[in-house]
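Here is the structure we will look at, set down as structure tokens.
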Amino acid sequence: MRVLRRLAKRGWNFVARRSDELRLREEAEEHIALATEANMRAGMAPEQARRRAVMQFGSMEAVRESYHAEKGLPVMEQLLQNFLFALRMMRKSPGFTILAALTLALGIGATATVFSLIQGVLLTPPPYQKPDQLVLVNSGRSDGQAMDSPRGWAAEQWLDWKKNARSLQGVAGYGWTFNFLVRNDGSQSMQGMEISKDYLHMMGLKTVAGRGFADSDFGQGPVKAILLGYEFWQKTFAGDPQIIGKTVRISRWTVSPTVIGIMEPGVRFLPSPEAAKEPNYDVNATVDFWSPAEPDPKGMKEPYWNVVVRLRDGATAQSAQQELSVLTGQEAHAEKSFEGFVPRLQLVTDEMNADGKQILLPLLGASALVLLIACGNVAALLLVRGLQRQQEYAIRIAMGMGRVALLRQVLMESLLLAAIGGAFGVGLAFGAIRLFKLISGHAIPRLDAVSAGWAVLGWGVAAAVLAAFVAGIAPAFRVLRLDPMDVLKSAGPKGSAGVGERRLLRGVAMLQTSLTLALLVGAGLLIRTMIKIAEAPSGYTTGHILTMSVTDVQDYSTWAQFHRHALERVAAIPGVQYAAFAWGVPLTGNNWPATLEIEGQPPAVKESDKTALPLRAVTPDYFKLMGIPLMDGRAFRETDDKNAAAVAIVNTAFAERFFPHGDVIGKKFWFGGRDKLATEIVGEIANGRTDDLTQQASPEIYLPLWQATAFSKHLVVRTAADPRAVVASVEHELRTVDPTAAVENVKTLDQIRDDSLASRIFAMRLLVGFSVVGSVLTLVGIYGVLSLSLASRRRELAIRSAIGAQRQHMRQLIFGEGLQMIGGGVLIGIVLAIVLSQVLKSFLYQVQPGDPITLAVVGALFVGVGLLACWAPARRAERVDPIEALRSE
Amino acid sequence: MLLLVSKRLKDMAQKADVQQGTLALMVLKTLEVLGSLHGYGIARRIEQISGDSLSVNQGTLYPLLLKLEQEGSIDSDWGASENNRRARYYRLTKAGRRQLQSEVQDWRQTTEIISRFLTVKTEDLS
């Protein structure tokens, strides 16, 4: 109680700054006056009496100090004093302050950025209840090989699990659905999830308006009720609550469903390998709408469901895995078509974070490294300054400033530096986050959930405090060990940083050099890779080609009419050389994964024996448009439609794989079984790198679009001039044919090509960015270490100069030391670079990991730049005055 | 400069210094017995009672008086001193009296325990 009262009084005094100086002075005066009188009464002369009284009273300063210590909050006052003093010192040497602050800003900014990204992407939990219990059930082959084509589970199977699996408290099925919201001014794509009865309840999802699905919403027949996703509702209907209860038109749905509710925000998709081939597949996007799905009694054995389960409290994923494997085995005994596939369980949270972790964890390591290096540099700079201020410190210690107080002062200075650097760093972080959102595309998932807000500030502050301590430790300890006698006896700035310290800092500088070199080599390798990819023969034209996804949302009866008319009109636009519809444009990843049996191959016993190949569908002018030559047979004709025999065109890779000795023309293949109708191969085209520019062509099959009527496809247009010039005309023509047609994703083939290389481009930009940051830090580091060395060796240099060394010689001394550091760093750096390039191997194309040319060029460049950093200290070295050698002692 | 430092060291080693805790007890007792007193008077009285074997460091006394006042054990007010000058007089408060009583009790207890230890003989412990 008493303590609290005292603390409160102290706080009040500090805040109100009441100076009872007056009171103390008066009391002291009074005390001395009374003592003087007592002394006079004892017989002393007045002056002597007073002097005696004063001496007995003791040092006024000491009294005042103890008095003061009782009064306010001495700690706070001292900190304030330290702070103001540090501020003055910073203002006196602005160059140093800016250099140190910016260095710290780089480190703090990098760390704050990555922490915020990690917080937004990896640590923000999904909106499900207890997400750690949710497990995806993927399908894998029992023989352990990779799946050729994606496959789900049959309703019969997962309903069996629901009944019999004891380690699970819930089983739900889902699928993706790709549709269009039909509107009269151009329809819009919307992606949704079809979910089984228990899905919403099991995942723990709730609606924010309207109601969720009731059991009556599930049944056979057309879907009558849907839920809208929150973000879609905001974007498309401007958050209008009146939409609940109204119907919307959805493409290919005979009945317009009613919107019965709005889902809570932030709900994203669960993955589906089957759906992954669709153009609008983005597992990190928010779900646009939800539709109820009930297993079809006629299709209970069709494996098209994706399954997610919830573990019982206390059950582990391993126990669930075992149980489900057993159940699947039993099911396969009863039903042949289930044979050959086993469940593979994966935690939902693991799956969500897999992509993000790949990029963000290494980024975290890199930014931590950057922060450490920045602190190391600033420590070196602070040490140099400390050496220059030794006299000042010595005098303070001698005059009675406690070492602890001095330590506090030094730490306050580094804290202030860190605060300034932190302020800049947080600004940098805001910009960096915005940059990331711009350039990283799909490399980092769920970036839209990252907002540069208070989190960045918080992380910046934490990083700044950490930086202050790490950077300030070494200079602070030096101050503690300072012996004022030694410093004051020699009247010059003598003393040096300990050999240990200098060696440590030189090591840090060498480390920085090697790391930066490795980063530069990595960046160089990627740049060369991009150049090589640009030169790679793709097998088709990429210039002057415009693409857009065109979808007819009316019902199927108008499909042929719409597409033929549209193609006619677009082909007639002036400036258009060719026009075609295609499903499977290169580098989009679009195709239909199919399993088939090919003539001449052994008949399949199990489903997993069939050959799996991607199918594409194109109109007759397609190959001419893409500049892909016909090697054998004929091209598609307009008459290859639904009424004619099924035909296909394959590429040379297909022919070489399945018909190496002989003609592929005339051969057949079957979908669904050899007893069904066969498709005849009528043409063979040249190979083209359709899937991946860096890989050889794989076997491809093309079907005529007029036969294999596709819902999603691209309109591909080749122009004489700039393809973007015809965009407006093409859209106009399409709207004239059908105003509700959905025309989206307008891109040139060049843009699609760049998108396919997105991850490489992103990696290259990251490396370039980090190399630049690393180079700046390394230059500062080399400069700092050499300055420290110079400050420590002043006497030696002065002596050398006094006994006749030329200025050139002095310069060489410093350059020599710098070269040693840089050389050592470069050597280690080359080793690191080779390691790094092994890590990058999957990104490289036609560039060897240990490519000597890149290593040599980067190495030489770096040595040159490093020598630049040595220049300033070297100049200072040659200007050391020989008088300094004579001055002391 | 060096001279200053060494002189302080010498001064501090002179008479027995009074610890703050016991000084508080002495101040409160003095005020209880003698009523209200100013700082100089308190210092002189303590030295007197101790038979001049204690030296009260003003650097300790005045901060202590402030601390006691902040805790509420004593109260201060301006008054006229012997030679008609303005001086600050301190007196005990009710809370101060209670604190004094409890501290005296603690002190007596401590002394009793210590004296038992000091008079124990080997025969008593068996």
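Following the order of the structure tokens, chains are lettered A, B, ..., residues in each are numbered from 1, and ligands are numbered from 1.
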Might you pull out every residue within 12 Å of A:Thr328, with only C-alpha atoms counted and same-chain residues fewer than 6 positions away left off, and present them as a short mmCIF file (atom, residue, chain, number, x, y, z; two decimals) with N, CA and C atoms, in the first residue's frame?
```
data_model
loop_
_atom_site.label_atom_id
_atom_site.label_comp_id
_atom_site.auth_asym_id
_atom_site.auth_seq_id
_atom_site.Cartn_x
_atom_site.Cartn_y
_atom_site.Cartn_z
N VAL A 137 -9.18 -36.53 -48.62
CA VAL A 137 -8.89 -37.92 -49.00
C VAL A 137 -8.60 -37.93 -50.50
N SER A 139 -6.78 -39.65 -54.00
CA SER A 139 -6.73 -41.00 -54.55
C SER A 139 -5.35 -41.27 -55.09
N GLY A 140 -4.83 -42.46 -54.82
CA GLY A 140 -3.51 -42.82 -55.35
C GLY A 140 -3.56 -44.23 -55.88
N SER A 142 -2.50 -48.09 -56.18
CA SER A 142 -2.02 -49.05 -55.19
C SER A 142 -0.61 -49.51 -55.53
N TRP A 153 -13.63 -40.38 -55.84
CA TRP A 153 -14.22 -41.55 -55.17
C TRP A 153 -15.68 -41.68 -55.57
N ALA A 154 -16.17 -42.90 -55.50
CA ALA A 154 -17.57 -43.11 -55.82
C ALA A 154 -18.41 -42.85 -54.59
N GLU A 156 -20.75 -44.58 -53.46
CA GLU A 156 -20.89 -45.81 -52.69
C GLU A 156 -19.76 -45.93 -51.68
N GLN A 157 -18.56 -45.53 -52.09
CA GLN A 157 -17.41 -45.67 -51.22
C GLN A 157 -17.47 -44.72 -50.04
N TRP A 158 -17.69 -43.44 -50.30
CA TRP A 158 -17.61 -42.54 -49.15
C TRP A 158 -18.84 -42.63 -48.25
N LEU A 159 -19.96 -43.09 -48.81
CA LEU A 159 -21.09 -43.33 -47.92
C LEU A 159 -20.77 -44.51 -47.00
N ASP A 160 -20.04 -45.49 -47.55
CA ASP A 160 -19.60 -46.62 -46.75
C ASP A 160 -18.69 -46.14 -45.61
N TRP A 161 -17.77 -45.22 -45.95
CA TRP A 161 -16.90 -44.69 -44.90
C TRP A 161 -17.70 -44.00 -43.82
N ASN A 164 -19.11 -46.63 -41.56
CA ASN A 164 -18.28 -47.59 -40.86
C ASN A 164 -16.98 -47.05 -40.26
N ALA A 165 -16.54 -45.88 -40.68
CA ALA A 165 -15.23 -45.44 -40.20
C ALA A 165 -15.37 -44.88 -38.78
N ALA A 320 -6.81 -42.80 -39.23
CA ALA A 320 -7.85 -42.67 -40.26
C ALA A 320 -7.37 -43.27 -41.56
N GLN A 321 -6.10 -43.01 -41.88
CA GLN A 321 -5.53 -43.54 -43.14
C GLN A 321 -5.63 -45.06 -43.16
N GLN A 322 -5.22 -45.68 -42.03
CA GLN A 322 -5.25 -47.13 -42.00
C GLN A 322 -6.68 -47.65 -42.15
N ALA A 334 -15.64 -56.18 -53.50
CA ALA A 334 -17.03 -56.28 -53.93
C ALA A 334 -17.24 -55.68 -55.31
N GLU A 335 -16.44 -54.70 -55.69
CA GLU A 335 -16.70 -53.98 -56.94
C GLU A 335 -15.40 -53.83 -57.72
N LYS A 336 -15.35 -54.44 -58.90
CA LYS A 336 -14.11 -54.50 -59.65
C LYS A 336 -13.56 -53.13 -60.04
N SER A 337 -14.47 -52.24 -60.39
CA SER A 337 -13.98 -50.95 -60.91
C SER A 337 -13.28 -50.11 -59.85
N PHE A 338 -13.42 -50.55 -58.57
CA PHE A 338 -12.72 -49.78 -57.53
C PHE A 338 -11.29 -50.24 -57.35
N GLU A 339 -10.94 -51.34 -58.02
CA GLU A 339 -9.63 -51.94 -57.78
C GLU A 339 -8.50 -51.04 -58.27
N GLY A 340 -7.40 -51.11 -57.56
CA GLY A 340 -6.19 -50.44 -58.04
C GLY A 340 -5.95 -49.07 -57.42
N PHE A 341 -6.87 -48.59 -56.60
CA PHE A 341 -6.70 -47.25 -56.06
C PHE A 341 -6.85 -47.26 -54.55
N VAL A 342 -6.00 -46.50 -53.89
CA VAL A 342 -6.03 -46.45 -52.43
C VAL A 342 -6.15 -45.00 -51.97
N PRO A 343 -6.68 -44.80 -50.76
CA PRO A 343 -6.80 -43.42 -50.29
C PRO A 343 -5.45 -42.91 -49.76
N ARG A 344 -5.20 -41.62 -50.02
CA ARG A 344 -4.04 -40.97 -49.42
C ARG A 344 -4.54 -39.72 -48.72
#
```
List every residue of chain B that has an atom at most 12 Å from any atom of chain A, and for each one report the closest atom pair and its distance in Å to one decimal, counting only C-alpha atoms, with rows sorted by chain and then by increasing residue number, as CSV.
```
residue,atom,partner,partner_atom,distance
B:Met1,CA,A:Met399,CA,7.6
B:Leu2,CA,A:Ala398,CA,8.2
B:Leu3,CA,A:Ala398,CA,11.4
B:Leu4,CA,A:Met399,CA,9.4
B:Val5,CA,A:Gly400,CA,8.4
B:Ser6,CA,A:Ala398,CA,11.7
B:Lys7,CA,A:Ser59,CA,11.6
B:Arg8,CA,A:Ser59,CA,9.3
B:Asp11,CA,A:Gly58,CA,9.4
B:Met12,CA,A:Gly58,CA,10.3
B:His38,CA,A:His31,CA,8.6
B:Gly39,CA,A:His31,CA,7.0
B:Tyr40,CA,A:His31,CA,5.1
B:Gly41,CA,A:His31,CA,8.5
B:Ile42,CA,A:His31,CA,10.5
B:Ala43,CA,A:His31,CA,9.6
B:Arg44,CA,A:Ala35,CA,9.3
B:Ser55,CA,A:Gln56,CA,9.7
B:Val56,CA,A:Phe57,CA,9.3
B:Asn57,CA,A:Gly58,CA,7.4
B:Gln58,CA,A:Phe57,CA,5.9
B:Gly59,CA,A:Val63,CA,4.1
B:Thr60,CA,A:Ser66,CA,7.2
B:Leu61,CA,A:Val63,CA,9.0
B:Tyr62,CA,A:Tyr67,CA,6.7
B:Pro63,CA,A:Tyr67,CA,4.5
B:Leu64,CA,A:Glu70,CA,8.0
B:Leu65,CA,A:Tyr67,CA,9.5
B:Leu66,CA,A:Glu70,CA,7.2
B:Lys67,CA,A:Glu70,CA,6.4
B:Leu68,CA,A:Arg6,CA,9.3
B:Glu69,CA,A:Arg6,CA,9.4
B:Gln70,CA,A:Arg6,CA,5.8
B:Glu71,CA,A:Arg2,CA,5.6
B:Gly72,CA,A:Arg2,CA,8.1
B:Ser73,CA,A:Arg2,CA,9.5
B:Ser76,CA,A:Arg23,CA,11.6
B:Asp77,CA,A:Arg23,CA,11.4
B:Trp78,CA,A:Glu27,CA,10.3
B:Gly79,CA,A:Glu30,CA,11.7
B:Ala80,CA,A:Glu30,CA,10.8
B:Ser81,CA,A:Glu30,CA,8.9
B:Glu82,CA,A:Leu34,CA,8.5
B:Asn83,CA,A:Leu34,CA,8.2
B:Asn84,CA,A:Glu30,CA,10.9
B:Arg85,CA,A:Glu30,CA,7.7
B:Arg86,CA,A:Glu30,CA,7.6
B:Ala87,CA,A:Glu30,CA,6.3
B:Arg88,CA,A:Glu27,CA,6.8
B:Tyr89,CA,A:Glu27,CA,10.0
B:Tyr90,CA,A:Glu27,CA,11.8
B:Ala95,CA,A:Arg2,CA,10.7
B:Gly96,CA,A:Arg2,CA,11.5
B:Gln99,CA,A:Arg2,CA,10.8
```
If you count only C-alpha atoms, which residues fall within 9 Å of stretch 444-448 of chain A, apart from same-chain ones fewer than 4 positions away, as a ChimeraX atom specification?
/A:117,120-121,283-285,352-353,355-360,436-437,440
Just the selected residues (C-alpha atoms), exported as a short mmCIF file (atom, residue, chain, number, x, y, z; two decimals), in the first residue's frame, please.
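What landed in out.cif:
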```cif
data_model
loop_
_atom_site.label_atom_id
_atom_site.label_comp_id
_atom_site.auth_asym_id
_atom_site.auth_seq_id
_atom_site.Cartn_x
_atom_site.Cartn_y
_atom_site.Cartn_z
CA LEU A 117 3.25 -12.02 -45.56
CA GLY A 120 -1.45 -13.17 -43.76
CA VAL A 121 -0.79 -16.22 -45.86
CA VAL A 283 -7.98 -23.16 -55.47
CA ASN A 284 -7.08 -20.03 -53.56
CA ALA A 285 -9.96 -18.00 -54.92
CA MET A 352 -3.39 -24.88 -48.02
CA ASN A 353 0.04 -23.89 -46.88
CA ASP A 355 2.64 -23.57 -51.90
CA GLY A 356 2.99 -20.66 -49.58
CA LYS A 357 5.55 -22.40 -47.39
CA GLN A 358 7.72 -23.19 -50.38
CA ILE A 359 8.24 -19.57 -51.12
CA LEU A 360 7.78 -17.87 -47.78
CA PHE A 436 4.64 -8.44 -53.97
CA LYS A 437 0.92 -8.35 -54.52
CA SER A 440 3.93 -12.56 -57.55
#
```
Please return as a ChimeraX atom specification: the residues of stretch 4-108 of chain B that backbone DSSP assigns to strand (DSSP E).
/B:16-17,37-38,54-55,74-80,86-92
Saved selection, atoms kept: N, CA and C atoms, as a PDB file, in the first residue's frame:
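The result, written out as selection_2.pdb:
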```
ATOM      1  N   ALA B  16      30.522   5.720  11.542  1.00  0.00           N
ATOM      2  CA  ALA B  16      29.607   4.645  11.145  1.00  0.00           C
ATOM      3  C   ALA B  16      28.402   5.263  10.458  1.00  0.00           C
ATOM      4  N   ASP B  17      28.105   4.755   9.314  1.00  0.00           N
ATOM      5  CA  ASP B  17      26.954   5.278   8.585  1.00  0.00           C
ATOM      6  C   ASP B  17      25.680   4.632   9.080  1.00  0.00           C
ATOM      7  N   LEU B  37       9.563  18.878  14.827  1.00  0.00           N
ATOM      8  CA  LEU B  37      10.951  19.306  14.817  1.00  0.00           C
ATOM      9  C   LEU B  37      11.362  19.587  13.395  1.00  0.00           C
ATOM     10  N   HIS B  38      12.369  20.467  13.219  1.00  0.00           N
ATOM     11  CA  HIS B  38      12.841  20.651  11.848  1.00  0.00           C
ATOM     12  C   HIS B  38      14.034  19.739  11.583  1.00  0.00           C
ATOM     13  N   LEU B  54      27.123   8.204  16.220  1.00  0.00           N
ATOM     14  CA  LEU B  54      26.527   8.103  14.886  1.00  0.00           C
ATOM     15  C   LEU B  54      26.671   9.435  14.172  1.00  0.00           C
ATOM     16  N   SER B  55      26.941   9.367  12.870  1.00  0.00           N
ATOM     17  CA  SER B  55      26.937  10.606  12.104  1.00  0.00           C
ATOM     18  C   SER B  55      25.827  10.511  11.079  1.00  0.00           C
ATOM     19  N   ILE B  74       4.752  10.976   8.031  1.00  0.00           N
ATOM     20  CA  ILE B  74       4.967  12.276   8.705  1.00  0.00           C
ATOM     21  C   ILE B  74       4.350  13.380   7.868  1.00  0.00           C
ATOM     22  N   ASP B  75       4.176  14.479   8.463  1.00  0.00           N
ATOM     23  CA  ASP B  75       3.595  15.640   7.804  1.00  0.00           C
ATOM     24  C   ASP B  75       4.539  16.822   7.994  1.00  0.00           C
ATOM     25  N   SER B  76       4.557  17.735   7.048  1.00  0.00           N
ATOM     26  CA  SER B  76       5.463  18.867   7.247  1.00  0.00           C
ATOM     27  C   SER B  76       4.725  20.176   7.029  1.00  0.00           C
ATOM     28  N   ASP B  77       5.284  21.219   7.650  1.00  0.00           N
ATOM     29  CA  ASP B  77       4.652  22.530   7.530  1.00  0.00           C
ATOM     30  C   ASP B  77       5.698  23.593   7.840  1.00  0.00           C
ATOM     31  N   TRP B  78       5.503  24.745   7.307  1.00  0.00           N
ATOM     32  CA  TRP B  78       6.458  25.823   7.623  1.00  0.00           C
ATOM     33  C   TRP B  78       6.152  26.397   8.998  1.00  0.00           C
ATOM     34  N   GLY B  79       7.247  26.733   9.653  1.00  0.00           N
ATOM     35  CA  GLY B  79       7.075  27.374  10.969  1.00  0.00           C
ATOM     36  C   GLY B  79       8.259  28.275  11.244  1.00  0.00           C
ATOM     37  N   ALA B  80       8.242  28.937  12.405  1.00  0.00           N
ATOM     38  CA  ALA B  80       9.387  29.822  12.731  1.00  0.00           C
ATOM     39  C   ALA B  80      10.382  29.043  13.567  1.00  0.00           C
ATOM     40  N   ARG B  86      12.417  31.105   8.742  1.00  0.00           N
ATOM     41  CA  ARG B  86      11.414  30.127   8.267  1.00  0.00           C
ATOM     42  C   ARG B  86      12.086  28.774   8.181  1.00  0.00           C
ATOM     43  N   ALA B  87      11.455  27.778   8.816  1.00  0.00           N
ATOM     44  CA  ALA B  87      11.993  26.422   8.726  1.00  0.00           C
ATOM     45  C   ALA B  87      10.841  25.446   8.534  1.00  0.00           C
ATOM     46  N   ARG B  88      11.181  24.309   7.995  1.00  0.00           N
ATOM     47  CA  ARG B  88      10.129  23.304   7.754  1.00  0.00           C
ATOM     48  C   ARG B  88      10.096  22.347   8.938  1.00  0.00           C
ATOM     49  N   TYR B  89       8.952  22.281   9.572  1.00  0.00           N
ATOM     50  CA  TYR B  89       8.802  21.413  10.736  1.00  0.00           C
ATOM     51  C   TYR B  89       8.084  20.140  10.364  1.00  0.00           C
ATOM     52  N   TYR B  90       8.553  19.003  10.900  1.00  0.00           N
ATOM     53  CA  TYR B  90       7.942  17.710  10.637  1.00  0.00           C
ATOM     54  C   TYR B  90       7.254  17.215  11.887  1.00  0.00           C
ATOM     55  N   ARG B  91       6.118  16.509  11.682  1.00  0.00           N
ATOM     56  CA  ARG B  91       5.513  15.839  12.828  1.00  0.00           C
ATOM     57  C   ARG B  91       4.900  14.522  12.396  1.00  0.00           C
ATOM     58  N   LEU B  92       4.679  13.709  13.453  1.00  0.00           N
ATOM     59  CA  LEU B  92       4.186  12.362  13.196  1.00  0.00           C
ATOM     60  C   LEU B  92       2.695  12.393  12.875  1.00  0.00           C
TER      61      LEU B  92
END
```
Please report, as a PyMOL selection string, each residue of stretch 24-69 of chain B to which DSSP assigns helix (DSSP H, G or I) when run on this structure's backbone.
chain B and resi 24-34+39-49+58-69
Env of stretch 48-51 of chain B: 12 Å cut, atoms = only C-alpha atoms, seq-sep filter 6 positions within chain, self excluded. Answer as a PyMOL selection string.
chain B and resi 16+18+23+26-27+29-30+33+41-42
Write the selection just made, keeping all heavy atoms, as a compact mmCIF listing (two decimals), in the first residue's frame?
```
# COMPACT_ATOMS: atom_id res chain seq x y z
N ALA B 16 30.52 5.72 11.54
CA ALA B 16 29.61 4.64 11.15
C ALA B 16 28.40 5.26 10.46
O ALA B 16 27.78 6.18 10.97
CB ALA B 16 29.20 3.86 12.38
N VAL B 18 24.61 5.39 9.06
CA VAL B 18 23.34 4.84 9.52
C VAL B 18 22.57 4.27 8.33
O VAL B 18 22.41 4.94 7.32
CB VAL B 18 22.51 5.95 10.19
CG1 VAL B 18 21.26 5.37 10.79
CG2 VAL B 18 23.34 6.63 11.26
N LEU B 23 17.39 4.30 10.35
CA LEU B 23 17.28 5.76 10.47
C LEU B 23 15.82 6.16 10.52
O LEU B 23 15.42 7.03 11.29
CB LEU B 23 17.99 6.43 9.29
CG LEU B 23 18.04 7.96 9.36
CD1 LEU B 23 18.81 8.41 10.60
CD2 LEU B 23 18.68 8.53 8.12
N MET B 26 14.53 5.69 13.92
CA MET B 26 15.03 6.72 14.84
C MET B 26 14.31 8.03 14.63
O MET B 26 13.95 8.72 15.59
CB MET B 26 16.54 6.90 14.64
CG MET B 26 17.34 5.74 15.20
SD MET B 26 19.09 6.12 15.17
CE MET B 26 19.59 5.08 13.83
N VAL B 27 14.08 8.38 13.36
CA VAL B 27 13.40 9.65 13.07
C VAL B 27 11.99 9.64 13.66
O VAL B 27 11.57 10.58 14.34
CB VAL B 27 13.34 9.89 11.54
CG1 VAL B 27 12.38 11.00 11.21
CG2 VAL B 27 14.72 10.22 11.01
N LYS B 29 10.76 7.80 16.05
CA LYS B 29 10.77 7.79 17.52
C LYS B 29 11.06 9.18 18.06
O LYS B 29 10.45 9.65 19.01
CB LYS B 29 11.83 6.77 18.01
CG LYS B 29 11.79 6.55 19.50
CD LYS B 29 10.49 5.88 19.93
CE LYS B 29 10.46 5.74 21.45
NZ LYS B 29 9.18 5.18 21.92
N THR B 30 12.05 9.81 17.43
CA THR B 30 12.43 11.16 17.85
C THR B 30 11.22 12.10 17.76
O THR B 30 10.95 12.87 18.68
CB THR B 30 13.55 11.71 16.95
OG1 THR B 30 14.59 10.75 16.89
CG2 THR B 30 14.08 13.02 17.47
N VAL B 33 8.67 11.40 20.51
CA VAL B 33 9.06 11.86 21.84
C VAL B 33 9.07 13.39 21.92
O VAL B 33 8.58 13.98 22.86
CB VAL B 33 10.47 11.30 22.17
CG1 VAL B 33 11.04 11.99 23.38
CG2 VAL B 33 10.39 9.80 22.39
N GLY B 41 17.14 19.92 13.63
CA GLY B 41 16.89 19.46 15.00
C GLY B 41 16.88 17.95 15.08
O GLY B 41 17.44 17.35 16.00
N ILE B 42 16.21 17.30 14.11
CA ILE B 42 16.14 15.84 14.10
C ILE B 42 17.55 15.27 14.04
O ILE B 42 17.93 14.37 14.82
CB ILE B 42 15.30 15.35 12.91
CG1 ILE B 42 13.86 15.82 13.06
CG2 ILE B 42 15.37 13.83 12.83
CD1 ILE B 42 12.97 15.42 11.90
```
So that I can check the surroundings of A:Ala635, please list as a list of chain:residue names every protein, DNA and RNA residue that reaches within 9 Å of it, counting only C-alpha atoms and ignoring chain neighbours fewer than 3 positions away.
A:Pro620, A:Asp621, A:Phe623, A:Leu630, A:Ile649, A:Val682, A:Gly683, A:Glu684, A:Ile685
